[in-house]
There are 4 protein chains.
Amino acid sequence: MATITFIGLGNMGGPMASNLVRAGHDVTVFDLSKDAVAALVSEGAKTADTAHEAARGAECVITMLPAGQHVEAVYLGDDGLLANLPAGTLVIDSSTIAPETARGVAEEAKARDIPFLDAPVSGGVGGAKAGTLTFICGGAEETFSKAKPILESMGKNIFHAGDHGSGQVAKICNNMMLAILMAGTSEALALGVKNGLDPAVLSEIMKQSSGGNWALNVYNPWPGVMEGVPASRGYEGGFLVNLMNKDLGLAFDNAVKNHAAIPMGSLARNLFELHAGQGNGALDFSSIQRLYRPEDK
Amino acid sequence: MATITFIGLGNMGGPMASNLVRAGHDVTVFDLSKDAVAALVSEGAKTADTAHEAARGAECVITMLPAGQHVEAVYLGDDGLLANLPAGTLVIDSSTIAPETARGVAEEAKARDIPFLDAPVSGGVGGAKAGTLTFICGGAEETFSKAKPILESMGKNIFHAGDHGSGQVAKICNNMMLAILMAGTSEALALGVKNGLDPAVLSEIMKQSSGGNWALNVYNPWPGVMEGVPASRGYEGGFLVNLMNKDLGLAFDNAVKNHAAIPMGSLARNLFELHAGQGNGALDFSSIQRLYRPEDK
Amino acid sequence: MATITFIGLGNMGGPMASNLVRAGHDVTVFDLSKDAVAALVSEGAKTADTAHEAARGAECVITMLPAGQHVEAVYLGDDGLLANLPAGTLVIDSSTIAPETARGVAEEAKARDIPFLDAPVSGGVGGAKAGTLTFICGGAEETFSKAKPILESMGKNIFHAGDHGSGQVAKICNNMMLAILMAGTSEALALGVKNGLDPAVLSEIMKQSSGGNWALNVYNPWPGVMEGVPASRGYEGGFLVNLMNKDLGLAFDNAVKNHAAIPMGSLARNLFELHAGQGNGALDFSSIQRLYRPEDK
Amino acid sequence: MATITFIGLGNMGGPMASNLVRAGHDVTVFDLSKDAVAALVSEGAKTADTAHEAARGAECVITMLPAGQHVEAVYLGDDGLLANLPAGTLVIDSSTIAPETARGVAEEAKARDIPFLDAPVSGGVGGAKAGTLTFICGGAEETFSKAKPILESMGKNIFHAGDHGSGQVAKICNNMMLAILMAGTSEALALGVKNGLDPAVLSEIMKQSSGGNWALNVYNPWPGVMEGVPASRGYEGGFLVNLMNKDLGLAFDNAVKNHAAIPMGSLARNLFELHAGQGNGALDFSSIQRLYRPEDK
C-alpha cells in the first residue's frame, strides 16, 4: 500500500480517491471545495491546508483537474509542485489535456528526476465509482510499471500508449472515434426508421453485421431500444455533450498542430456543437440522436 | 430438400449456388455466362436454355443480379418470371437494389399470389464461399419462415428486418454505417500515428475502449496491424471501393427520397468517391486508409 | 409574334405565361387548376379542355411542371404530346428535372423531328413576375436560336449550356453552388458575431474582399443587414428550403450516376435537410442562418 | 509624411516597406535577413542593429511577422518593444495571428498608453507589390484614423472591423469563406464537366447567376478558363495551400474557443489538408481543383 496525495475531487476525482482509500492506501486529499474534502475525510482520507502540505511525504501524487491551465498552475513554476517534490516521487496526471501540455509538464518533471505519467481515463462517472475506469498512459515503461498497481485500485484496463503525451493522444483519438460512432449510429438508425424499420430490429441486425460498434452495441442512442442507457431516461446523466465537445476541441487543436486531415471527426464535432447550440449541452452525448429526429423532442 | 432454381452466377451467386448443391437441394441454374453455368453443372446442378425453362417446376426461385434494372427485367412484364410462375412458388431476390425496386417486384408478386422476399446479403465473396453470409430479409413473416431453411444452406445469420423492401433498407443502413466506421477508423489511426503512436497499440486501446467497432476490431485498415485482412496484402481482394460506392449510392438515393439528413454517411461516400477517382476503385475499401497517409502509396 | 401553348400555371408558370401574353404572343394555356387557367384567360390567353387540344396549331409548346414524372407523363407514350405534335413544332421544357429525364424526352422528340430544348430557370417567383428570369438551355444551337426571342419575353439572361440535358446540369451545378454559398456565408457571419463583430461591418468587409459571393452580396442571410431580402422579413417568401432540397436531391442523384465526389455540396444539402427537419422547410433558404444561431428563433 | 519603423521584411513585408519608402515616409527597417534589409536600404530605407534601435524615434512601428509567437516575442516582456517605446507611439501589427494574441498585445500596449492596431492584410504578394492590399483593422476609432493615411501607402481598401482583435477575426472569417468558395467552385465545375459541360461555359453561366463568387469570378480554378490566374500556369505562385491551411488552422482554434459550429469551413479545411498531404502544399490554393479531377495531374 502506498502513501498517495490526490488533488482534484470533482465528479471524477472524488470517487477515484474514494476507491484508493477503500483499497487501503494512505490517502491525503486536496481540493478548493471544502465539501468535497469533507466527504473524503469522512471516508478515511487525510487532508491539508494547501496542495503543497498535502503532498508532503507522498510516494505518489495524482491530479484530476478540469483543463490544461489548471494542470500547469499546479505543477509548474517556482510555486509549483514539481519544484517542491523530492526527486523520485511518482506523479500521475489523469486530467484530459492537450498532449503538448502533458509533454511540457513531463519535461520539467524529468529535469527534476520526477517520474511522470499522463494517464487520462475513459469510463465516465459510472466507471470512476465502480472502479472500472480505463487508464490510457503515456510515459516511460518503468514509470508505467510503478503506477499500474495504484491505477488498478481505480480502474480495470490500464494501457500503456507510449511516450509522454501518448496517453492524451490515444484518448483524443478514441474519443474522436466515439463521436463518429455515436453520430453515425444515430444517423443510420434515423434513416432506417424513416423507411419504416423498427429501431430495435435494425440495431440487432447491425450489431451482428459489419455495422457493429460500441455506440450501437452498448450505448444505443434510440430511446427504448436498450435498458439502462441515457437514451432510455431522457438522455440524463452519462457523458455530457459539453464534455464531448471539450475533447473534440482537443482533437481540433491537435489536428491543426499536426496538419492532420480529420474530415469525419470534424463533421462529428460540428454536429455536436450545433446540437449544443440548440440547448442540449447538458444532456448525454447520445442525445445527438435528436438532431436527426427533432419531431421527438 | 427443395427444388431450387438459381439465376445469376457471378462472384457471389456462383458460390451461393454451389452451397445449395452441396446441401443436397435439387438445383437448376441459369446465367448468360456459359462458363459459370458449366462450373455449377460439374458440381451437380442442372441447367436450361432460358431462365423460364430453368424455373419450370421449381419450388423456389433465387436471383442474385448486379442491379435493379436486371431484377426488373427478369421478374416484371409479360415476359417476366412472375407472369409465368405458378402461384405459391417461393421467390427470393438476394441482389442489392433500391427498396422501391424491391417493393415494386413484391407488389406484382403479391398480385399473382407468389410469396416474395428481398434478401440482400453481407459477408462478401469469402462469406459466400464459406456459406457464412448474413441474409437481411424483407417480406411477410410466413414467407420468411419458409425461406429460412433454404437460406441457412448459404448463410449463418438470417435476419427478418420487416416488410417488403426492409431487407434492402437494413442493408443500406448497415453498409452506410460500415463506410463511416472504416473512414472514421482510418482517420483516428492516422491522427494517432501523426502524433507518434504505434498503430497496433492504438488499435488495441481503442478496441477495448469506447472506440471499438467492426472495422477496427476485425478488419483493421492499417497495414501490418492485423493478419489475414486486405490491409496486410496491399488491399487486394475483399469488398471493393467501387462496390461500397454502389451501396452508398443507394443510400444517397434513399436519403433523397425520404428527406433524410445523412451528413456522416454523405461525407464517407464522398471520401470513398474521391478515393476511387484517384484510381483505387478496384482495391478493398479499407484502402481508404491511404487517403489519410498518401506517403505510403 | 408566335402561337404558343403554355402548360403548367403554378407559382412560376402562371407569371411566365402572363409575360408571354403581355408581349403580344398568341397564347393558349392549360392546367388542371381551373382558377389558374381563369386568371390567364382574364389576361387575354385562350384555353382548351385538354393539353392535346391546347397544343393544336401551336408553333411552340412550353411546359413548366413540378417534377420529372409529370414531364414524362405529358410528353411521352402514345398519349403524349410528342406523338401528337406535327414535326417541326418547337418544344421547350422549363421544369427543373434530372438531365437523364430531359435527355429521354429529347430523344423521343428527335425521333419525331421535333426540336426540343431543356430550359430550366433561375430567379424565383419574383423573376418570373418581373420577366427577369435566367434561362439555362440545353439542345441544338439552331433550336436555341429559335427559342431565344420567345424566352426573352420572360427572362433577361438566356444561356446556352450545351447539348440536351445541359440546361438541367448547369442549373444543378449552379444551385448546388448557391447552397454552398448560403450555408458558408451564414457560418462565416455567425463565427464573426460569436467573436463580437457587427454582422453588417463583417458583411461589408467580406463583400469587398475575397469572401464576396452572391449570397453575401445580394441576399444577406443575417436579419437586418440588408433591406428587402427574406432575412429582413422573418425569412418569408423567396426560395423555399424545401425547393432548395429538391434541387440538391437532383445534385445527389446526378453525383451518384456520374461517380462525382461532391463533399461540400453534400454537406450543404444535409444541413438544409436538418434545417427542414426542424420545421423550417417553408421558410426562405437563407433561414439556414438560424441553424447557426438558434438563440435567435 | 511620418517616421516609420518596419519590422519583418519577408515576401509580404518587403514590398510593403518598399511602398512606404516610395510614398516618401522616413523608413527604418529591421529583419534577421541581411539580404532583405540590404534590398530596402538600396531603395532608401535606413536600418539598425536591433529592433529596439530601429524603433528609436519612430512615430509609428509596423510589424509583419510569420506567427503569433514571433509577435509576442517582439512586443511583450521586459525586453519587448512595448516596454521600451514612448507612450503615444502608433503601433500596427499586420501579421495574421489569433485574435487572443492580438488582444494580449493590445492590452499591454494600452497599459503603457501606446495606441495599437491589429491590421492583417489580404491581397497576397501581388497586392503587397502593387500597393493594393486590403487592411482589416481592429482597435480604437482614433487609432484607426491615425493609421489610415499610413496604411493607404500600402493598400487600397482600409477597413475598420471593430475593437482589438477584430481585424484578425474578420480576416479569419473572410479566409474561411474563401476556402469554402474555392472548394465549392472546384466541385461544381468538376460536376458539370463530368456531365459533359464546357467549364468555361458553365463558369460564365454561374458567374451571371446565383452561383457567382470571388473564386469563380476572378480566380477561376479550372485550367484555361481564365487568363493570368494560377490555374492557367500550373497553379504556380498565388496564395499557397500551406498558407490557406495556416489561416484555416486559426479558424479551427477560434471555433473551438467560441464553441462555434463551422461545418462547411471545417470540411474545406480538411479537403485542403488532404490536398496538402498529397504533396500539393506549395501550389496555389486553387489547385484544390485537382482533388476533384486527379486524371488531370
# chains A, B, ... in the order shown; residues from 1 in each chain; ligands from 1
>>> calpha_fit_rmsd(fixed="chain C", moving="chain D")
0.0 Å
>>> interface_residues(of="chain D", to="chain A", cutoff="9 Å", atoms="only C-alpha atoms", output="PDB file with N, CA and C atoms, in the first residue's frame")
ATOM      1  N   ASN D 245      -3.976  26.751 -45.284  1.00  0.00           N
ATOM      2  CA  ASN D 245      -4.135  25.858 -44.136  1.00  0.00           C
ATOM      3  C   ASN D 245      -3.747  26.527 -42.819  1.00  0.00           C
ATOM      4  N   LYS D 246      -2.770  27.421 -42.869  1.00  0.00           N
ATOM      5  CA  LYS D 246      -2.425  28.166 -41.652  1.00  0.00           C
ATOM      6  C   LYS D 246      -3.640  28.995 -41.206  1.00  0.00           C
ATOM      7  N   LEU D 248      -6.786  28.535 -41.979  1.00  0.00           N
ATOM      8  CA  LEU D 248      -7.892  27.657 -41.566  1.00  0.00           C
ATOM      9  C   LEU D 248      -7.608  27.048 -40.194  1.00  0.00           C
ATOM     10  N   GLY D 249      -6.346  26.877 -39.862  1.00  0.00           N
ATOM     11  CA  GLY D 249      -5.989  26.446 -38.512  1.00  0.00           C
ATOM     12  C   GLY D 249      -6.412  27.491 -37.481  1.00  0.00           C
ATOM     13  N   LEU D 250      -6.234  28.763 -37.810  1.00  0.00           N
ATOM     14  CA  LEU D 250      -6.699  29.828 -36.910  1.00  0.00           C
ATOM     15  C   LEU D 250      -8.224  29.783 -36.763  1.00  0.00           C
ATOM     16  N   PHE D 252     -10.078  27.066 -36.973  1.00  0.00           N
ATOM     17  CA  PHE D 252     -10.359  25.930 -36.076  1.00  0.00           C
ATOM     18  C   PHE D 252     -10.175  26.351 -34.619  1.00  0.00           C
ATOM     19  N   ASP D 253      -9.025  26.947 -34.327  1.00  0.00           N
ATOM     20  CA  ASP D 253      -8.745  27.381 -32.953  1.00  0.00           C
ATOM     21  C   ASP D 253      -9.843  28.302 -32.447  1.00  0.00           C
ATOM     22  N   ALA D 255     -12.933  28.641 -33.532  1.00  0.00           N
ATOM     23  CA  ALA D 255     -14.231  27.959 -33.382  1.00  0.00           C
ATOM     24  C   ALA D 255     -14.268  27.139 -32.095  1.00  0.00           C
ATOM     25  N   VAL D 256     -13.146  26.513 -31.749  1.00  0.00           N
ATOM     26  CA  VAL D 256     -13.097  25.747 -30.504  1.00  0.00           C
ATOM     27  C   VAL D 256     -13.285  26.688 -29.314  1.00  0.00           C
ATOM     28  N   LYS D 257     -12.530  27.796 -29.327  1.00  0.00           N
ATOM     29  CA  LYS D 257     -12.600  28.726 -28.185  1.00  0.00           C
ATOM     30  C   LYS D 257     -13.990  29.318 -28.031  1.00  0.00           C
ATOM     31  N   HIS D 259     -16.873  27.894 -29.162  1.00  0.00           N
ATOM     32  CA  HIS D 259     -17.947  26.906 -29.333  1.00  0.00           C
ATOM     33  C   HIS D 259     -18.807  27.219 -30.550  1.00  0.00           C
ATOM     34  N   ALA D 260     -18.142  27.596 -31.621  1.00  0.00           N
ATOM     35  CA  ALA D 260     -18.864  27.872 -32.861  1.00  0.00           C
ATOM     36  C   ALA D 260     -18.880  26.624 -33.732  1.00  0.00           C
ATOM     37  N   ALA D 261     -20.033  26.341 -34.335  1.00  0.00           N
ATOM     38  CA  ALA D 261     -20.121  25.252 -35.316  1.00  0.00           C
ATOM     39  C   ALA D 261     -19.714  25.812 -36.673  1.00  0.00           C
ATOM     40  N   ILE D 262     -18.726  25.185 -37.296  1.00  0.00           N
ATOM     41  CA  ILE D 262     -18.299  25.621 -38.631  1.00  0.00           C
ATOM     42  C   ILE D 262     -18.162  24.406 -39.564  1.00  0.00           C
ATOM     43  N   PRO D 263     -19.291  23.728 -39.806  1.00  0.00           N
ATOM     44  CA  PRO D 263     -19.195  22.506 -40.616  1.00  0.00           C
ATOM     45  C   PRO D 263     -18.622  22.729 -42.008  1.00  0.00           C
ATOM     46  N   MET D 264     -19.070  23.753 -42.714  1.00  0.00           N
ATOM     47  CA  MET D 264     -18.597  23.971 -44.089  1.00  0.00           C
ATOM     48  C   MET D 264     -17.114  24.354 -44.084  1.00  0.00           C
ATOM     49  N   SER D 266     -14.934  23.690 -41.791  1.00  0.00           N
ATOM     50  CA  SER D 266     -14.135  22.546 -41.342  1.00  0.00           C
ATOM     51  C   SER D 266     -13.908  21.570 -42.481  1.00  0.00           C
ATOM     52  N   LEU D 267     -14.948  21.316 -43.241  1.00  0.00           N
ATOM     53  CA  LEU D 267     -14.792  20.381 -44.354  1.00  0.00           C
ATOM     54  C   LEU D 267     -13.799  20.947 -45.368  1.00  0.00           C
ATOM     55  N   ALA D 268     -13.938  22.239 -45.677  1.00  0.00           N
ATOM     56  CA  ALA D 268     -12.999  22.854 -46.618  1.00  0.00           C
ATOM     57  C   ALA D 268     -11.572  22.706 -46.093  1.00  0.00           C
ATOM     58  N   ARG D 269     -11.374  22.986 -44.808  1.00  0.00           N
ATOM     59  CA  ARG D 269     -10.033  22.866 -44.229  1.00  0.00           C
ATOM     60  C   ARG D 269      -9.496  21.437 -44.387  1.00  0.00           C
ATOM     61  N   ASN D 270     -10.342  20.461 -44.135  1.00  0.00           N
ATOM     62  CA  ASN D 270      -9.875  19.087 -44.238  1.00  0.00           C
ATOM     63  C   ASN D 270      -9.574  18.684 -45.681  1.00  0.00           C
ATOM     64  N   LEU D 271     -10.350  19.210 -46.629  1.00  0.00           N
ATOM     65  CA  LEU D 271     -10.042  18.933 -48.038  1.00  0.00           C
ATOM     66  C   LEU D 271      -8.700  19.566 -48.414  1.00  0.00           C
ATOM     67  N   PHE D 272      -8.466  20.792 -47.966  1.00  0.00           N
ATOM     68  CA  PHE D 272      -7.175  21.429 -48.265  1.00  0.00           C
ATOM     69  C   PHE D 272      -6.028  20.682 -47.574  1.00  0.00           C
ATOM     70  N   GLU D 273      -6.289  20.128 -46.402  1.00  0.00           N
ATOM     71  CA  GLU D 273      -5.233  19.401 -45.690  1.00  0.00           C
ATOM     72  C   GLU D 273      -4.983  18.044 -46.351  1.00  0.00           C
ATOM     73  N   LEU D 274      -6.036  17.370 -46.821  1.00  0.00           N
ATOM     74  CA  LEU D 274      -5.835  16.146 -47.605  1.00  0.00           C
ATOM     75  C   LEU D 274      -5.008  16.470 -48.850  1.00  0.00           C
ATOM     76  N   ALA D 276      -2.903  18.969 -49.323  1.00  0.00           N
ATOM     77  CA  ALA D 276      -1.510  19.239 -48.928  1.00  0.00           C
ATOM     78  C   ALA D 276      -0.785  17.929 -48.637  1.00  0.00           C
ATOM     79  N   GLY D 277      -1.477  17.013 -47.988  1.00  0.00           N
ATOM     80  CA  GLY D 277      -0.884  15.723 -47.654  1.00  0.00           C
ATOM     81  C   GLY D 277      -0.497  14.922 -48.881  1.00  0.00           C
TER      82      GLY D 277
END
>>> residues_around(residues="region 281-289 of chain A", least_positions_apart="4", cutoff="9 Å", atoms="only C-alpha atoms", output="PyMOL selection string")
chain A and resi 179+182-183+185-187+189-190+215+219-222+230-231+234-245+271-273+275-277+293-294
>>> select_by_dssp(residues="region 78-297 of chain B", states="strand (DSSP E)", output="PyMOL selection string")
chain B and resi 90-93+116-118+121-122+133-138+155-162
>>> write_last_selection(atoms="C-alpha atoms", output="PDB file, in the first residue's frame")
ATOM      1  CA  LEU B  90     -41.301 -19.056 -53.268  1.00  0.00           C
ATOM      2  CA  VAL B  91     -39.252 -16.243 -54.837  1.00  0.00           C
ATOM      3  CA  ILE B  92     -36.152 -14.786 -53.167  1.00  0.00           C
ATOM      4  CA  ASP B  93     -34.103 -11.929 -54.589  1.00  0.00           C
ATOM      5  CA  PHE B 116     -41.615 -12.895 -52.347  1.00  0.00           C
ATOM      6  CA  LEU B 117     -38.666 -11.994 -50.130  1.00  0.00           C
ATOM      7  CA  ASP B 118     -35.988  -9.345 -50.660  1.00  0.00           C
ATOM      8  CA  VAL B 121     -26.573 -10.411 -48.165  1.00  0.00           C
ATOM      9  CA  SER B 122     -23.481  -9.197 -46.426  1.00  0.00           C
ATOM     10  CA  LEU B 133     -23.347 -14.999 -45.366  1.00  0.00           C
ATOM     11  CA  THR B 134     -25.716 -12.783 -43.468  1.00  0.00           C
ATOM     12  CA  PHE B 135     -29.164 -12.555 -45.092  1.00  0.00           C
ATOM     13  CA  ILE B 136     -31.246  -9.488 -44.280  1.00  0.00           C
ATOM     14  CA  CYS B 137     -34.801 -10.196 -45.343  1.00  0.00           C
ATOM     15  CA  GLY B 138     -37.913  -8.154 -46.045  1.00  0.00           C
ATOM     16  CA  GLY B 155     -25.579 -18.289 -44.635  1.00  0.00           C
ATOM     17  CA  LYS B 156     -25.165 -18.180 -40.904  1.00  0.00           C
ATOM     18  CA  ASN B 157     -27.251 -15.245 -39.722  1.00  0.00           C
ATOM     19  CA  ILE B 158     -30.702 -14.918 -41.239  1.00  0.00           C
ATOM     20  CA  PHE B 159     -32.497 -11.730 -40.168  1.00  0.00           C
ATOM     21  CA  HIS B 160     -36.051 -10.625 -40.706  1.00  0.00           C
ATOM     22  CA  ALA B 161     -35.955  -6.832 -40.984  1.00  0.00           C
ATOM     23  CA  GLY B 162     -39.646  -6.216 -41.646  1.00  0.00           C
TER      24      GLY B 162
END
>>> closest_residue(among="D:Ser94, D:Thr101, D:Thr143, D:Thr47", to="Ala73 (chain D)", atoms="only C-alpha atoms")
D:Thr101
>>> select_by_dssp(residues="region 75-225 of chain C", states="helix (DSSP H, G or I)", output="PyMOL selection string")
chain C and resi 75+99-111+124-130+141-151+166-194+199-207+214-218
>>> atom_distance(atom1="CA of Glu72 (chain D)", atom2="CA of Gly104 (chain D)")
8.6 Å
>>> residues_around(residues="region 5-9 of chain B", least_positions_apart="6", cutoff="9 Å", atoms="only C-alpha atoms", output="list in words")
Pro15, Met16, Ala17, Asp26, Val27, Thr28, Val29, Phe30, Asp31, Leu32, Ser33, Ala36, Val37, Leu40, Thr47, Ala51, Ala54, Ala55, Arg56, Gly57, Ala58, Glu59, Cys60, Val61, Ile62, Thr63, Met64, Leu65 and Pro66 of chain B
>>> residues_around(residues="Val125 (chain D)", least_positions_apart="2", cutoff="8 Å", atoms="only C-alpha atoms", output="number ranges by chain")
D: 11-12, 15, 123, 127-129, 238
>>> write_last_selection(atoms="N, CA and C atoms", output="mmCIF file, in the first residue's frame")
data_model
loop_
_atom_site.group_PDB
_atom_site.id
_atom_site.type_symbol
_atom_site.label_atom_id
_atom_site.label_comp_id
_atom_site.auth_asym_id
_atom_site.auth_seq_id
_atom_site.Cartn_x
_atom_site.Cartn_y
_atom_site.Cartn_z
ATOM 1 N N ASN D 11 8.206 37.940 -47.737
ATOM 2 C CA ASN D 11 7.550 38.097 -49.044
ATOM 3 C C ASN D 11 6.505 39.191 -49.055
ATOM 4 N N MET D 12 5.865 39.377 -47.938
ATOM 5 C CA MET D 12 4.846 40.420 -47.827
ATOM 6 C C MET D 12 5.454 41.723 -47.302
ATOM 7 N N PRO D 15 7.894 44.135 -49.848
ATOM 8 C CA PRO D 15 7.235 45.093 -50.753
ATOM 9 C C PRO D 15 6.371 46.127 -50.029
ATOM 10 N N GLY D 123 -4.728 40.004 -50.052
ATOM 11 C CA GLY D 123 -4.306 40.513 -51.363
ATOM 12 C C GLY D 123 -3.021 39.873 -51.843
ATOM 13 N N GLY D 127 -0.636 41.938 -54.309
ATOM 14 C CA GLY D 127 -1.217 43.148 -53.728
ATOM 15 C C GLY D 127 -0.202 43.946 -52.927
ATOM 16 N N ALA D 128 0.709 43.222 -52.269
ATOM 17 C CA ALA D 128 1.744 43.910 -51.488
ATOM 18 C C ALA D 128 2.636 44.734 -52.416
ATOM 19 N N LYS D 129 3.014 44.152 -53.546
ATOM 20 C CA LYS D 129 3.874 44.853 -54.507
ATOM 21 C C LYS D 129 3.142 46.021 -55.154
ATOM 22 N N GLY D 238 0.786 32.684 -56.409
ATOM 23 C CA GLY D 238 -0.503 32.953 -55.773
ATOM 24 C C GLY D 238 -0.487 32.736 -54.271
#
>>> decode(residues="region 31-40 of chain D", atoms="all heavy atoms", output="PDB file, in the first residue's frame")
ATOM      1  N   ASP D  31      15.210  43.300 -39.965  1.00  0.00           N
ATOM      2  CA  ASP D  31      14.903  41.894 -40.231  1.00  0.00           C
ATOM      3  C   ASP D  31      16.160  41.100 -39.927  1.00  0.00           C
ATOM      4  O   ASP D  31      17.278  41.630 -39.974  1.00  0.00           O
ATOM      5  CB  ASP D  31      14.494  41.697 -41.703  1.00  0.00           C
ATOM      6  CG  ASP D  31      13.834  40.338 -41.937  1.00  0.00           C
ATOM      7  OD1 ASP D  31      14.571  39.327 -41.983  1.00  0.00           O
ATOM      8  OD2 ASP D  31      12.595  40.289 -42.039  1.00  0.00           O
ATOM      9  N   LEU D  32      15.986  39.825 -39.596  1.00  0.00           N
ATOM     10  CA  LEU D  32      17.166  39.000 -39.337  1.00  0.00           C
ATOM     11  C   LEU D  32      17.907  38.680 -40.632  1.00  0.00           C
ATOM     12  O   LEU D  32      19.098  38.382 -40.617  1.00  0.00           O
ATOM     13  CB  LEU D  32      16.751  37.703 -38.634  1.00  0.00           C
ATOM     14  CG  LEU D  32      16.186  37.924 -37.213  1.00  0.00           C
ATOM     15  CD1 LEU D  32      15.720  36.610 -36.601  1.00  0.00           C
ATOM     16  CD2 LEU D  32      17.231  38.592 -36.314  1.00  0.00           C
ATOM     17  N   SER D  33      17.217  38.763 -41.761  1.00  0.00           N
ATOM     18  CA  SER D  33      17.869  38.504 -43.046  1.00  0.00           C
ATOM     19  C   SER D  33      18.590  39.756 -43.527  1.00  0.00           C
ATOM     20  O   SER D  33      17.966  40.787 -43.808  1.00  0.00           O
ATOM     21  CB  SER D  33      16.820  38.073 -44.083  1.00  0.00           C
ATOM     22  OG  SER D  33      17.277  38.385 -45.380  1.00  0.00           O
ATOM     23  N   LYS D  34      19.915  39.678 -43.631  1.00  0.00           N
ATOM     24  CA  LYS D  34      20.688  40.841 -44.088  1.00  0.00           C
ATOM     25  C   LYS D  34      20.368  41.199 -45.528  1.00  0.00           C
ATOM     26  O   LYS D  34      20.385  42.367 -45.920  1.00  0.00           O
ATOM     27  CB  LYS D  34      22.180  40.555 -43.919  1.00  0.00           C
ATOM     28  CG  LYS D  34      22.552  40.544 -42.439  1.00  0.00           C
ATOM     29  CD  LYS D  34      24.032  40.431 -42.190  1.00  0.00           C
ATOM     30  CE  LYS D  34      24.255  40.444 -40.652  1.00  0.00           C
ATOM     31  NZ  LYS D  34      25.618  40.074 -40.286  1.00  0.00           N
ATOM     32  N   ASP D  35      20.092  40.179 -46.346  1.00  0.00           N
ATOM     33  CA  ASP D  35      19.751  40.449 -47.748  1.00  0.00           C
ATOM     34  C   ASP D  35      18.474  41.272 -47.852  1.00  0.00           C
ATOM     35  O   ASP D  35      18.381  42.210 -48.649  1.00  0.00           O
ATOM     36  CB  ASP D  35      19.556  39.126 -48.515  1.00  0.00           C
ATOM     37  CG  ASP D  35      20.895  38.424 -48.739  1.00  0.00           C
ATOM     38  OD1 ASP D  35      21.943  39.016 -48.410  1.00  0.00           O
ATOM     39  OD2 ASP D  35      20.870  37.282 -49.245  1.00  0.00           O
ATOM     40  N   ALA D  36      17.480  40.862 -47.057  1.00  0.00           N
ATOM     41  CA  ALA D  36      16.208  41.583 -47.096  1.00  0.00           C
ATOM     42  C   ALA D  36      16.408  43.041 -46.684  1.00  0.00           C
ATOM     43  O   ALA D  36      15.856  43.960 -47.298  1.00  0.00           O
ATOM     44  CB  ALA D  36      15.196  40.900 -46.173  1.00  0.00           C
ATOM     45  N   VAL D  37      17.221  43.240 -45.644  1.00  0.00           N
ATOM     46  CA  VAL D  37      17.491  44.610 -45.185  1.00  0.00           C
ATOM     47  C   VAL D  37      18.235  45.389 -46.272  1.00  0.00           C
ATOM     48  O   VAL D  37      17.875  46.532 -46.602  1.00  0.00           O
ATOM     49  CB  VAL D  37      18.313  44.579 -43.879  1.00  0.00           C
ATOM     50  CG1 VAL D  37      18.830  45.974 -43.533  1.00  0.00           C
ATOM     51  CG2 VAL D  37      17.469  44.029 -42.723  1.00  0.00           C
ATOM     52  N   ALA D  38      19.260  44.751 -46.862  1.00  0.00           N
ATOM     53  CA  ALA D  38      20.071  45.433 -47.880  1.00  0.00           C
ATOM     54  C   ALA D  38      19.216  45.915 -49.047  1.00  0.00           C
ATOM     55  O   ALA D  38      19.414  47.010 -49.585  1.00  0.00           O
ATOM     56  CB  ALA D  38      21.177  44.494 -48.366  1.00  0.00           C
ATOM     57  N   ALA D  39      18.261  45.062 -49.439  1.00  0.00           N
ATOM     58  CA  ALA D  39      17.398  45.437 -50.564  1.00  0.00           C
ATOM     59  C   ALA D  39      16.634  46.712 -50.256  1.00  0.00           C
ATOM     60  O   ALA D  39      16.540  47.624 -51.096  1.00  0.00           O
ATOM     61  CB  ALA D  39      16.424  44.296 -50.873  1.00  0.00           C
ATOM     62  N   LEU D  40      16.124  46.809 -49.026  1.00  0.00           N
ATOM     63  CA  LEU D  40      15.355  48.008 -48.659  1.00  0.00           C
ATOM     64  C   LEU D  40      16.262  49.221 -48.526  1.00  0.00           C
ATOM     65  O   LEU D  40      15.891  50.351 -48.905  1.00  0.00           O
ATOM     66  CB  LEU D  40      14.582  47.762 -47.358  1.00  0.00           C
ATOM     67  CG  LEU D  40      13.112  47.403 -47.507  1.00  0.00           C
ATOM     68  CD1 LEU D  40      12.298  48.580 -48.063  1.00  0.00           C
ATOM     69  CD2 LEU D  40      12.943  46.187 -48.423  1.00  0.00           C
TER      70      LEU D  40
END
